[in-house]
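Each remark here refers to the structure printed beneath this line.
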Amino acid sequence: MGKENHINTKKINTPLDLDVLYKVLDASVTGIVITDNLLPDNPIIYCNPAFEEISGYTRSEIIGHNCRFLQGKDRNQPERKAISTALASGESCRVEIRNYTKKGKLFYNELYISPVKGENGQITHFIGIQNDVSSRRRTQQELELVQEETERKVEERTRMYKESQEYLSSIVETIRESLVVMDKDYKVLSANNHFLNTFKVSINETKGKLLYDLGNGQWNIPELKKMMEEILPTNNPVLDYEVEHDFPHIGKKLMLLNAHRIELEGRYKDWILLAIEDITDQRALQQRKDDFLSIASHELKTPLTTIVGYMQLMNRMMPENASDKFKGVVEKTGKYIQRLNQLLSELLDVSRIQTGNITLHREEFDFDKMVAETIESIRAATPSRKISLTGKIGRNFNGDESHLIQVVSNLLSNAIKYSADNTKIEVRVSSISDFIKVSVEDKGMGISEDELNKVFDRFYRVGEVQKHYPGMGIGLYLCQQIITNHGGTIWAESQKNTGSTFSFTLPMY
Amino acid sequence: MKDKKILVCDDDQGILEMLELLLEEDGYQVVLEPNSVNALRSIERESPDIVLLDIWMPMISGDQILRSLRDNPKVSSTPVLMYSASTDGKNIAESCGADSYISKPFDLAVMLEEIERLLQE
Ligand SMILES: Cc1cc2nc3c(=O)[nH]c(=O)nc-3n(C[C@H](O)[C@H](O)[C@H](O)COP(=O)(O)O)c2cc1C
């Protein structure tokens, strides 16, 4: 646009035919208007086709109007004031003002206005030169937008980074576990407050010091040292390593240690994170609970022994002429005493297993006979149920017979409990490779998929059954403990309303 | 046979009374010793044909009594049947030289069988 303008101003000084001049203006691609300042409200007296093009108005709609019509209703623009100030003082000006085409479409008008002075210095005309800079402006705005967006993103990232830093450090500081980060030479880079509070040390006593020098060398434990030294070269973490130690300031404590090589953004750093958990109280509590269980069940067994004894004496001393009704009462009493005894034994066993005390008394015994006899005793107790036995091992097994009897009878009594009276129970014994396999199948209510993997949990009982059959539900947990202690596995398969099969395998050698 | 003397040492009065009833019913002569501290002295004095001995007792436990009994030439050959509610009972009984062991709560028929068997040996 500047080009035409240039030509114009230059040519204006040389005497030239006005017609030629208008032709030049008409040919310009820049909008040009001339207003007559001597007429009221400074009307347009000339516009070139480019102006018509830009504004969308025809010449007839333009001539005679003040140029402000281009502003439409958008009159609150500071540029308007700038123009009138310039016009009033007879100066030229340059603004970028929002204008609207005839169709109401917004465009940014880059507007130059220059006064034309008459011979006596009076301003007779103004020349306005217009350029639609919308697209330029749009690009610029877009650019600004991109810039803003980028800035915003950078800010956001920084904020997120700061936040995640804060987030992390708040976790690190809130966690009730002592955390220490070390470099490859086991020099402490940082330690959280919990560490400092637990071991009653200051950060100055800790940071920059070697782990093994901390607190009178309390961590200088050869076994731990060996494991720690393998972390970086092998990537093998230290997992749940228990340290019992008489620590300065805090006394004898049981600590659980976990140490890992630090991984940042998928890359291993030569840093080690050591997490230390004080499990002294936890362990003591567990011990107390186990002691309680074991003492309670043991103490309960003594009066129970007396009751069982009297029960049996009652049977022995039963008068010949006792009524069937009375005999029935005695029998029922005996049955429930037996049940109570069973529960107590389980409780005692659980407390023992809890402490890892289950001791197997392995001896050679006739496995087939054991299964057959266990089934026989269950049959005797529930003569109404049909229990079939197929298959045999045909050789002795070295294991804890009384515990395995417990497993088989537990699986059988579950099968009886959880299936209808008229349905069959099948026990299958087989030897597979060097394993014994025993399965107990019932045609009962079955167990749903999500309950299936919980049945071996301690104190878990299959949902609906819970209501109908009170008890502790530790039987299957015990079975699992017994079987795994023999090096075997136990599992359950089931379909709702079709039945369940509980199986276990035992390695024969 | 049934005039044999059985000494029962248990700190629990209920069990003592119950066993007394059972054993007397079966025709045995029964001596009860509720205090473990006196157990060895009672055995020496009464020289029973068989001793029924609980393992878990306050002051002196059954296995301690049994060990000193085996060291005492006067009574060392007395057959001893131990019992307990503890799952370790069997191991303890074996390790201190009990002639037989049954776990609490006991099946009286089994206990009577064991007593008879030990007396015949
Ligand atoms: C030669 C000349 C050209 C002008 N061209 C435009 C124009 O294209 N667009 C516009 O919004 N205003 C233009 N103006 C400004 C308006 O005509 C008017 O002077 C401005 O809106 C301030 O006056 P007001 O406050 O009375 O509206 C031009 C003015 C002159 C003298």
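Chain labels follow the order of the structure tokens: the first chain is A, the next B, and so on; residue numbering restarts at 1 in every chain, and ligands are counted from 1 in their shown order.
Residues within 10 Å of B:Tyr83, counting only C-alpha atoms and excluding same-chain residues fewer than 4 positions away, are Asp10, Leu52, Leu53, Asp54, Ile55, Trp56, Gly62, Gly89, Lys90, Ala93, Ala98, Ser100, Tyr101, Ile102, Ser103, Lys104, Pro105, Phe106 and Met111 of chain B.
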Would you mind exporting N, CA, C and O atoms of the selected residues as an mmCIF file, in the first residue's frame?
```cif
data_model
loop_
_atom_site.group_PDB
_atom_site.id
_atom_site.type_symbol
_atom_site.label_atom_id
_atom_site.label_comp_id
_atom_site.auth_asym_id
_atom_site.auth_seq_id
_atom_site.Cartn_x
_atom_site.Cartn_y
_atom_site.Cartn_z
ATOM 1 N N ASP B 10 -3.282 -83.855 88.861
ATOM 2 C CA ASP B 10 -3.796 -82.803 87.977
ATOM 3 C C ASP B 10 -4.154 -81.613 88.863
ATOM 4 O O ASP B 10 -4.648 -81.801 89.974
ATOM 5 N N LEU B 52 -1.449 -91.321 86.322
ATOM 6 C CA LEU B 52 -1.993 -90.461 85.259
ATOM 7 C C LEU B 52 -1.515 -89.045 85.564
ATOM 8 O O LEU B 52 -1.742 -88.528 86.652
ATOM 9 N N LEU B 53 -0.850 -88.445 84.577
ATOM 10 C CA LEU B 53 -0.150 -87.196 84.864
ATOM 11 C C LEU B 53 -0.466 -86.125 83.816
ATOM 12 O O LEU B 53 -0.255 -86.330 82.619
ATOM 13 N N ASP B 54 -0.971 -85.006 84.300
ATOM 14 C CA ASP B 54 -1.220 -83.865 83.411
ATOM 15 C C ASP B 54 0.127 -83.195 83.113
ATOM 16 O O ASP B 54 1.036 -83.242 83.944
ATOM 17 N N ILE B 55 0.286 -82.593 81.942
ATOM 18 C CA ILE B 55 1.571 -81.939 81.642
ATOM 19 C C ILE B 55 1.593 -80.502 82.172
ATOM 20 O O ILE B 55 2.489 -80.090 82.888
ATOM 21 N N TRP B 56 0.555 -79.738 81.810
ATOM 22 C CA TRP B 56 0.553 -78.321 82.171
ATOM 23 C C TRP B 56 0.006 -78.099 83.573
ATOM 24 O O TRP B 56 -1.195 -78.084 83.778
ATOM 25 N N GLY B 62 4.273 -81.505 84.467
ATOM 26 C CA GLY B 62 4.242 -82.956 84.416
ATOM 27 C C GLY B 62 5.537 -83.572 83.928
ATOM 28 O O GLY B 62 5.998 -84.587 84.464
ATOM 29 N N GLY B 89 1.895 -81.722 73.313
ATOM 30 C CA GLY B 89 1.881 -82.703 74.384
ATOM 31 C C GLY B 89 2.556 -84.016 74.036
ATOM 32 O O GLY B 89 3.367 -84.534 74.797
ATOM 33 N N LYS B 90 2.227 -84.517 72.840
ATOM 34 C CA LYS B 90 2.746 -85.817 72.442
ATOM 35 C C LYS B 90 4.286 -85.807 72.431
ATOM 36 O O LYS B 90 4.932 -86.721 72.943
ATOM 37 N N ALA B 93 5.647 -85.601 76.004
ATOM 38 C CA ALA B 93 5.483 -86.878 76.696
ATOM 39 C C ALA B 93 6.546 -87.882 76.240
ATOM 40 O O ALA B 93 7.170 -88.563 77.057
ATOM 41 N N ALA B 98 7.317 -90.889 78.896
ATOM 42 C CA ALA B 98 5.994 -91.373 79.293
ATOM 43 C C ALA B 98 5.721 -92.691 78.573
ATOM 44 O O ALA B 98 6.170 -92.905 77.455
ATOM 45 N N SER B 100 2.704 -93.705 77.819
ATOM 46 C CA SER B 100 1.592 -93.516 76.896
ATOM 47 C C SER B 100 1.148 -92.049 76.966
ATOM 48 O O SER B 100 1.441 -91.348 77.938
ATOM 49 N N TYR B 101 0.453 -91.629 75.913
ATOM 50 C CA TYR B 101 -0.021 -90.245 75.915
ATOM 51 C C TYR B 101 -1.395 -90.185 75.278
ATOM 52 O O TYR B 101 -1.648 -90.834 74.259
ATOM 53 N N ILE B 102 -2.284 -89.398 75.868
ATOM 54 C CA ILE B 102 -3.546 -89.090 75.188
ATOM 55 C C ILE B 102 -3.821 -87.598 75.324
ATOM 56 O O ILE B 102 -3.363 -86.949 76.267
ATOM 57 N N SER B 103 -4.533 -87.062 74.307
ATOM 58 C CA SER B 103 -4.751 -85.617 74.339
ATOM 59 C C SER B 103 -6.124 -85.293 74.893
ATOM 60 O O SER B 103 -7.071 -86.056 74.773
ATOM 61 N N LYS B 104 -6.213 -84.161 75.531
ATOM 62 C CA LYS B 104 -7.457 -83.659 76.099
ATOM 63 C C LYS B 104 -8.284 -83.036 74.991
ATOM 64 O O LYS B 104 -7.717 -82.381 74.128
ATOM 65 N N PRO B 105 -9.574 -83.086 75.021
ATOM 66 C CA PRO B 105 -10.361 -83.866 75.977
ATOM 67 C C PRO B 105 -10.322 -85.341 75.593
ATOM 68 O O PRO B 105 -10.408 -85.642 74.415
ATOM 69 N N PHE B 106 -10.176 -86.196 76.571
ATOM 70 C CA PHE B 106 -9.955 -87.584 76.196
ATOM 71 C C PHE B 106 -11.215 -88.403 76.054
ATOM 72 O O PHE B 106 -12.247 -88.123 76.647
ATOM 73 N N MET B 111 -8.914 -94.105 77.136
ATOM 74 C CA MET B 111 -8.100 -93.983 78.336
ATOM 75 C C MET B 111 -8.116 -95.283 79.141
ATOM 76 O O MET B 111 -7.077 -95.770 79.574
#
```
Surroundings of ligand 1 up to 9 Å, based on only C-alpha atoms and all ligand atoms, as a tab-separated table (two decimals) with N, CA, C and O atoms, in the first residue's frame:
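The resulting file, selection-v3.tsv, is reproduced below:
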```tsv
chain	number	residue	atom	x	y	z
A	31	GLY	N	-7.83	0.99	-0.17
A	31	GLY	CA	-9.00	1.85	-0.13
A	31	GLY	C	-8.59	3.32	0.06
A	31	GLY	O	-7.73	3.61	0.90
A	32	ILE	N	-9.17	4.18	-0.74
A	32	ILE	CA	-8.84	5.60	-0.59
A	32	ILE	C	-10.14	6.41	-0.60
A	32	ILE	O	-11.03	6.19	-1.41
A	33	VAL	N	-10.24	7.30	0.39
A	33	VAL	CA	-11.38	8.24	0.38
A	33	VAL	C	-10.85	9.66	0.54
A	33	VAL	O	-9.80	9.89	1.11
A	34	ILE	N	-11.61	10.56	0.01
A	34	ILE	CA	-11.30	11.98	0.22
A	34	ILE	C	-12.55	12.62	0.80
A	34	ILE	O	-13.67	12.36	0.35
A	35	THR	N	-12.33	13.37	1.89
A	35	THR	CA	-13.48	14.04	2.51
A	35	THR	C	-13.30	15.54	2.34
A	35	THR	O	-12.19	16.04	2.23
A	36	ASP	N	-14.43	16.19	2.34
A	36	ASP	CA	-14.37	17.65	2.20
A	36	ASP	C	-14.60	18.26	3.56
A	36	ASP	O	-15.70	18.23	4.10
A	37	ASN	N	-13.53	18.81	4.09
A	37	ASN	CA	-13.56	19.32	5.46
A	37	ASN	C	-14.35	20.63	5.57
A	37	ASN	O	-14.69	21.07	6.66
A	41	ASP	N	-19.86	18.11	8.64
A	41	ASP	CA	-19.58	16.73	9.07
A	41	ASP	C	-18.63	15.99	8.14
A	41	ASP	O	-18.60	14.76	8.08
A	42	ASN	N	-17.83	16.75	7.45
A	42	ASN	CA	-16.70	16.15	6.74
A	42	ASN	C	-17.08	14.94	5.89
A	42	ASN	O	-16.59	13.82	6.08
A	43	PRO	N	-17.96	15.13	4.86
A	43	PRO	CA	-18.46	13.99	4.08
A	43	PRO	C	-17.45	13.47	3.05
A	43	PRO	O	-16.55	14.19	2.66
A	44	ILE	N	-17.66	12.28	2.69
A	44	ILE	CA	-16.80	11.65	1.66
A	44	ILE	C	-17.20	12.21	0.31
A	44	ILE	O	-18.38	12.18	-0.07
A	51	PHE	N	-12.01	0.79	-1.99
A	51	PHE	CA	-12.76	1.10	-0.77
A	51	PHE	C	-14.13	0.42	-0.81
A	51	PHE	O	-14.60	-0.13	0.19
A	55	SER	N	-15.35	-2.29	1.89
A	55	SER	CA	-16.50	-2.01	2.76
A	55	SER	C	-17.74	-2.77	2.35
A	55	SER	O	-18.65	-2.94	3.16
A	65	HIS	N	-21.44	10.48	2.99
A	65	HIS	CA	-21.44	10.04	4.39
A	65	HIS	C	-20.16	10.40	5.10
A	65	HIS	O	-19.12	10.52	4.49
A	66	ASN	N	-20.28	10.61	6.37
A	66	ASN	CA	-19.07	10.68	7.18
A	66	ASN	C	-18.55	9.25	7.29
A	66	ASN	O	-19.31	8.29	7.38
A	67	CYS	N	-17.26	9.14	7.33
A	67	CYS	CA	-16.66	7.79	7.34
A	67	CYS	C	-17.05	6.93	8.54
A	67	CYS	O	-16.84	5.73	8.55
A	68	ARG	N	-17.61	7.58	9.56
A	68	ARG	CA	-17.89	6.81	10.79
A	68	ARG	C	-18.91	5.71	10.58
A	68	ARG	O	-19.03	4.83	11.41
A	69	PHE	N	-19.65	5.77	9.43
A	69	PHE	CA	-20.67	4.74	9.21
A	69	PHE	C	-20.05	3.32	9.21
A	69	PHE	O	-20.73	2.34	9.47
A	70	LEU	N	-18.74	3.29	8.92
A	70	LEU	CA	-18.08	1.98	8.90
A	70	LEU	C	-17.98	1.34	10.30
A	70	LEU	O	-17.78	0.16	10.44
A	71	GLN	N	-18.14	2.20	11.29
A	71	GLN	CA	-17.99	1.68	12.66
A	71	GLN	C	-19.24	0.97	13.16
A	71	GLN	O	-19.21	0.30	14.20
A	72	GLY	N	-20.36	1.14	12.42
A	72	GLY	CA	-21.59	0.48	12.85
A	72	GLY	C	-21.95	0.88	14.26
A	72	GLY	O	-21.90	2.06	14.61
A	75	ARG	N	-19.07	1.78	18.65
A	75	ARG	CA	-18.62	3.17	18.71
A	75	ARG	C	-17.73	3.45	19.92
A	75	ARG	O	-17.21	4.55	20.04
A	79	GLU	N	-9.84	4.48	19.40
A	79	GLU	CA	-9.30	5.01	18.14
A	79	GLU	C	-10.13	6.19	17.63
A	79	GLU	O	-9.61	7.11	16.99
A	80	ARG	N	-11.43	6.12	17.89
A	80	ARG	CA	-12.34	7.16	17.42
A	80	ARG	C	-11.93	8.52	18.00
A	80	ARG	O	-11.83	9.51	17.28
A	81	LYS	N	-11.64	8.49	19.28
A	81	LYS	CA	-11.21	9.72	19.97
A	81	LYS	C	-9.87	10.21	19.39
A	81	LYS	O	-9.69	11.41	19.15
A	82	ALA	N	-8.99	9.23	19.12
A	82	ALA	CA	-7.67	9.58	18.57
A	82	ALA	C	-7.83	10.29	17.22
A	82	ALA	O	-7.15	11.29	16.95
A	83	ILE	N	-8.80	9.76	16.43
A	83	ILE	CA	-9.01	10.38	15.11
A	83	ILE	C	-9.52	11.82	15.27
A	83	ILE	O	-8.96	12.76	14.71
A	84	SER	N	-10.57	11.97	16.08
A	84	SER	CA	-11.14	13.33	16.18
A	84	SER	C	-10.14	14.34	16.72
A	84	SER	O	-10.11	15.50	16.28
A	85	THR	N	-9.30	13.86	17.66
A	85	THR	CA	-8.26	14.76	18.17
A	85	THR	C	-7.33	15.21	17.05
A	85	THR	O	-7.02	16.40	16.90
A	87	LEU	N	-7.93	15.14	13.79
A	87	LEU	CA	-8.64	15.95	12.80
A	87	LEU	C	-8.77	17.39	13.28
A	87	LEU	O	-8.53	18.34	12.53
A	96	GLU	N	-5.73	1.67	13.97
A	96	GLU	CA	-6.28	0.39	13.51
A	96	GLU	C	-7.62	0.29	14.20
A	96	GLU	O	-7.71	0.19	15.42
A	97	ILE	N	-8.68	0.36	13.39
A	97	ILE	CA	-10.01	0.49	13.99
A	97	ILE	C	-10.92	-0.62	13.49
A	97	ILE	O	-10.76	-1.11	12.37
A	98	ARG	N	-11.84	-1.03	14.40
A	98	ARG	CA	-12.77	-2.11	14.01
A	98	ARG	C	-13.86	-1.51	13.15
A	98	ARG	O	-14.56	-0.58	13.56
A	99	ASN	N	-14.01	-2.01	11.91
A	99	ASN	CA	-15.06	-1.57	11.01
A	99	ASN	C	-15.87	-2.76	10.57
A	99	ASN	O	-15.48	-3.90	10.78
A	100	TYR	N	-17.08	-2.42	9.97
A	100	TYR	CA	-17.97	-3.51	9.58
A	100	TYR	C	-18.38	-3.32	8.13
A	100	TYR	O	-18.67	-2.21	7.69
A	109	ASN	N	-9.43	-2.31	10.20
A	109	ASN	CA	-9.09	-1.29	9.20
A	109	ASN	C	-7.86	-0.52	9.66
A	109	ASN	O	-7.90	0.16	10.68
A	110	GLU	N	-6.81	-0.71	8.89
A	110	GLU	CA	-5.62	0.11	9.18
A	110	GLU	C	-5.78	1.42	8.40
A	110	GLU	O	-5.78	1.42	7.17
A	111	LEU	N	-5.94	2.45	9.14
A	111	LEU	CA	-6.39	3.72	8.54
A	111	LEU	C	-5.35	4.83	8.70
A	111	LEU	O	-4.87	5.08	9.80
A	112	TYR	N	-4.99	5.41	7.57
A	112	TYR	CA	-4.13	6.62	7.57
A	112	TYR	C	-5.00	7.80	7.17
A	112	TYR	O	-5.76	7.70	6.22
A	113	ILE	N	-4.89	8.86	7.93
A	113	ILE	CA	-5.62	10.09	7.53
A	113	ILE	C	-4.62	11.24	7.42
A	113	ILE	O	-3.82	11.45	8.34
A	114	SER	N	-4.66	11.91	6.32
A	114	SER	CA	-3.77	13.09	6.14
A	114	SER	C	-4.59	14.31	5.73
A	114	SER	O	-5.51	14.21	4.91
A	115	PRO	N	-4.27	15.43	6.36
A	115	PRO	CA	-4.99	16.66	5.97
A	115	PRO	C	-4.42	17.24	4.65
A	115	PRO	O	-3.26	17.06	4.35
A	125	HIS	N	-9.40	19.45	2.78
A	125	HIS	CA	-9.75	18.02	2.62
A	125	HIS	C	-8.96	17.11	3.57
A	125	HIS	O	-7.93	17.51	4.10
A	126	PHE	N	-9.48	15.96	3.71
A	126	PHE	CA	-8.70	14.89	4.34
A	126	PHE	C	-8.64	13.71	3.37
A	126	PHE	O	-9.62	13.41	2.69
A	127	ILE	N	-7.50	13.06	3.35
A	127	ILE	CA	-7.37	11.84	2.56
A	127	ILE	C	-7.27	10.67	3.53
A	127	ILE	O	-6.49	10.68	4.48
A	128	GLY	N	-8.12	9.69	3.28
A	128	GLY	CA	-8.05	8.50	4.14
A	128	GLY	C	-7.62	7.28	3.33
A	128	GLY	O	-8.11	7.06	2.22
A	129	ILE	N	-6.72	6.58	3.84
A	129	ILE	CA	-6.25	5.37	3.16
A	129	ILE	C	-6.53	4.16	4.05
A	129	ILE	O	-6.11	4.12	5.21
A	130	GLN	N	-7.28	3.20	3.49
A	130	GLN	CA	-7.70	2.05	4.30
A	130	GLN	C	-7.13	0.72	3.79
A	130	GLN	O	-7.06	0.50	2.60
A	131	ASN	N	-6.81	-0.07	4.74
A	131	ASN	CA	-6.33	-1.42	4.44
A	131	ASN	C	-7.00	-2.41	5.38
A	131	ASN	O	-7.03	-2.19	6.59
```
Can you build me a table of chain B residues sitting at most 7 Å from chain A, with the closest atom pair per residue and its distance in Å to one decimal, using only C-alpha atoms, sorted by chain and residue number, as a tab-separated table?
```
residue	atom	partner	partner_atom	distance
B:Gly14	CA	A:Thr306	CA	5.9
B:Ile15	CA	A:Thr306	CA	5.0
B:Met18	CA	A:Thr306	CA	6.2
B:Leu22	CA	A:Leu313	CA	6.7
B:Ala85	CA	A:His298	CA	6.2
B:Ser86	CA	A:His298	CA	6.8
B:Lys104	CA	A:Thr305	CA	5.9
B:Pro105	CA	A:Thr305	CA	4.1
B:Phe106	CA	A:Thr305	CA	6.5
B:Leu108	CA	A:Gly309	CA	6.5
```
At a cut-off of 12 Å, using only C-alpha atoms, what residues contact A:Met228? Leave out same-chain residues fewer than 3 positions from it and give the result as a VMD selection string.
chain A and resid 182 to 186 211 to 212 219 to 225 231 to 239 241 257 to 261 271 to 274
Pull the helix (DSSP H, G or I) assignments for stretch 123-308 of chain A out of DSSP run on the backbone, and list those residues as an mmCIF file with C-alpha atoms, in the first residue's frame.
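Produced file part.cif, reproduced below:
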```
data_model
loop_
_atom_site.group_PDB
_atom_site.id
_atom_site.type_symbol
_atom_site.label_atom_id
_atom_site.label_comp_id
_atom_site.auth_asym_id
_atom_site.auth_seq_id
_atom_site.Cartn_x
_atom_site.Cartn_y
_atom_site.Cartn_z
ATOM 1 C CA SER A 134 -7.874 -8.568 9.511
ATOM 2 C CA SER A 135 -5.903 -11.516 8.243
ATOM 3 C CA ARG A 136 -2.609 -9.983 9.264
ATOM 4 C CA ARG A 137 -4.089 -9.202 12.602
ATOM 5 C CA ARG A 138 -5.566 -12.640 12.857
ATOM 6 C CA THR A 139 -2.197 -14.203 12.233
ATOM 7 C CA GLN A 140 -0.703 -11.888 14.746
ATOM 8 C CA GLN A 141 -3.427 -12.625 17.224
ATOM 9 C CA GLU A 142 -3.014 -16.286 16.631
ATOM 10 C CA LEU A 143 0.657 -15.858 17.156
ATOM 11 C CA GLU A 144 -0.041 -14.002 20.351
ATOM 12 C CA LEU A 145 -2.473 -16.708 21.324
ATOM 13 C CA VAL A 146 0.105 -19.387 20.672
ATOM 14 C CA GLN A 147 2.574 -17.372 22.647
ATOM 15 C CA GLU A 148 0.121 -16.919 25.473
ATOM 16 C CA GLU A 149 -0.761 -20.597 25.357
ATOM 17 C CA THR A 150 2.882 -21.550 25.434
ATOM 18 C CA GLU A 151 3.474 -19.251 28.332
ATOM 19 C CA ARG A 152 0.440 -20.634 30.058
ATOM 20 C CA LYS A 153 1.627 -24.172 29.432
ATOM 21 C CA VAL A 154 5.077 -23.408 30.698
ATOM 22 C CA GLU A 155 3.519 -21.838 33.749
ATOM 23 C CA GLU A 156 1.219 -24.806 34.173
ATOM 24 C CA ARG A 157 4.108 -27.225 33.817
ATOM 25 C CA THR A 158 6.135 -25.299 36.315
ATOM 26 C CA ARG A 159 3.190 -25.209 38.642
ATOM 27 C CA MET A 160 2.542 -28.912 38.157
ATOM 28 C CA TYR A 161 6.145 -29.687 38.673
ATOM 29 C CA LYS A 162 6.181 -27.572 41.793
ATOM 30 C CA GLU A 163 2.932 -29.120 42.879
ATOM 31 C CA SER A 164 4.142 -32.643 42.292
ATOM 32 C CA GLN A 165 7.324 -31.756 44.105
ATOM 33 C CA GLU A 166 5.234 -30.451 46.959
ATOM 34 C CA TYR A 167 2.902 -33.385 46.637
ATOM 35 C CA LEU A 168 5.798 -35.794 46.788
ATOM 36 C CA SER A 169 7.452 -34.081 49.639
ATOM 37 C CA SER A 170 4.187 -33.919 51.525
ATOM 38 C CA ILE A 171 3.853 -37.670 51.077
ATOM 39 C CA VAL A 172 7.433 -38.205 52.054
ATOM 40 C CA GLU A 173 6.958 -36.073 55.136
ATOM 41 C CA THR A 174 3.544 -37.410 56.136
ATOM 42 C CA ASN A 193 11.219 -35.986 59.271
ATOM 43 C CA HIS A 194 9.933 -39.334 60.368
ATOM 44 C CA PHE A 195 13.451 -40.701 60.215
ATOM 45 C CA LEU A 196 14.822 -37.783 62.201
ATOM 46 C CA ASN A 197 12.038 -38.047 64.773
ATOM 47 C CA THR A 198 12.208 -41.805 65.094
ATOM 48 C CA ILE A 203 19.404 -33.443 59.801
ATOM 49 C CA ASN A 204 22.959 -32.175 60.332
ATOM 50 C CA GLU A 205 23.918 -35.392 62.050
ATOM 51 C CA THR A 206 22.522 -37.302 59.105
ATOM 52 C CA LEU A 211 24.771 -44.720 56.408
ATOM 53 C CA TYR A 212 27.013 -47.071 58.311
ATOM 54 C CA ASP A 213 28.400 -44.239 60.424
ATOM 55 C CA LEU A 214 24.988 -42.972 61.496
ATOM 56 C CA GLY A 215 24.140 -43.145 65.192
ATOM 57 C CA ASN A 216 27.154 -45.071 66.528
ATOM 58 C CA GLY A 217 27.159 -47.382 63.532
ATOM 59 C CA PRO A 222 27.245 -57.049 58.021
ATOM 60 C CA GLU A 223 24.278 -58.900 56.525
ATOM 61 C CA LEU A 224 22.446 -55.674 55.720
ATOM 62 C CA LYS A 225 25.616 -54.164 54.334
ATOM 63 C CA LYS A 226 26.047 -57.089 52.002
ATOM 64 C CA MET A 227 22.494 -56.791 50.698
ATOM 65 C CA MET A 228 22.766 -53.025 50.318
ATOM 66 C CA GLU A 229 25.934 -53.388 48.340
ATOM 67 C CA GLU A 230 24.185 -55.655 45.879
ATOM 68 C CA ILE A 231 21.349 -53.241 45.127
ATOM 69 C CA LEU A 232 23.119 -51.063 42.570
ATOM 70 C CA PRO A 233 25.058 -53.677 40.621
ATOM 71 C CA THR A 234 22.241 -56.240 40.510
ATOM 72 C CA THR A 280 8.123 -53.416 67.375
ATOM 73 C CA ASP A 281 4.635 -52.616 68.630
ATOM 74 C CA GLN A 282 2.955 -54.364 65.767
ATOM 75 C CA ARG A 283 4.884 -57.544 66.419
ATOM 76 C CA ALA A 284 4.299 -57.340 70.159
ATOM 77 C CA LEU A 285 0.580 -56.889 69.568
ATOM 78 C CA GLN A 286 0.497 -59.849 67.243
ATOM 79 C CA GLN A 287 2.348 -61.920 69.806
ATOM 80 C CA ARG A 288 -0.064 -60.871 72.533
ATOM 81 C CA LYS A 289 -3.001 -61.797 70.370
ATOM 82 C CA ASP A 290 -1.523 -65.175 69.572
ATOM 83 C CA ASP A 291 -0.729 -65.755 73.214
ATOM 84 C CA PHE A 292 -4.248 -64.830 74.134
ATOM 85 C CA LEU A 293 -5.735 -67.204 71.589
ATOM 86 C CA SER A 294 -3.529 -70.016 72.654
ATOM 87 C CA ILE A 295 -4.001 -69.475 76.375
ATOM 88 C CA ALA A 296 -7.733 -68.977 75.996
ATOM 89 C CA SER A 297 -8.248 -72.122 73.989
ATOM 90 C CA HIS A 298 -5.945 -74.095 76.240
ATOM 91 C CA GLU A 299 -7.711 -72.880 79.355
ATOM 92 C CA LEU A 300 -11.090 -73.682 77.861
ATOM 93 C CA LYS A 301 -10.006 -77.187 77.066
ATOM 94 C CA THR A 302 -9.583 -78.150 80.682
ATOM 95 C CA PRO A 303 -13.206 -77.698 81.803
ATOM 96 C CA LEU A 304 -14.269 -79.100 78.473
ATOM 97 C CA THR A 305 -12.303 -82.251 79.186
ATOM 98 C CA THR A 306 -14.250 -82.638 82.389
ATOM 99 C CA ILE A 307 -17.556 -82.116 80.609
ATOM 100 C CA VAL A 308 -16.626 -84.604 77.893
#
```
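Computed from the coordinates, the atom CA of A:Ile276 to atom CA of A:Phe199 distance equals 10.7 Å.
Taking atom CA of A:Asp270 as the reference point, atom CA of A:Leu179 is found at 16.5 Å.
The space separating atom CA of A:Leu360 from atom CA of B:Ile60 comes to 27.6 Å.
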Which one is closest to B:Cys96: B:Met82, B:Leu112, B:Val75, B:Leu66? Count only C-alpha atoms.
B:Leu66
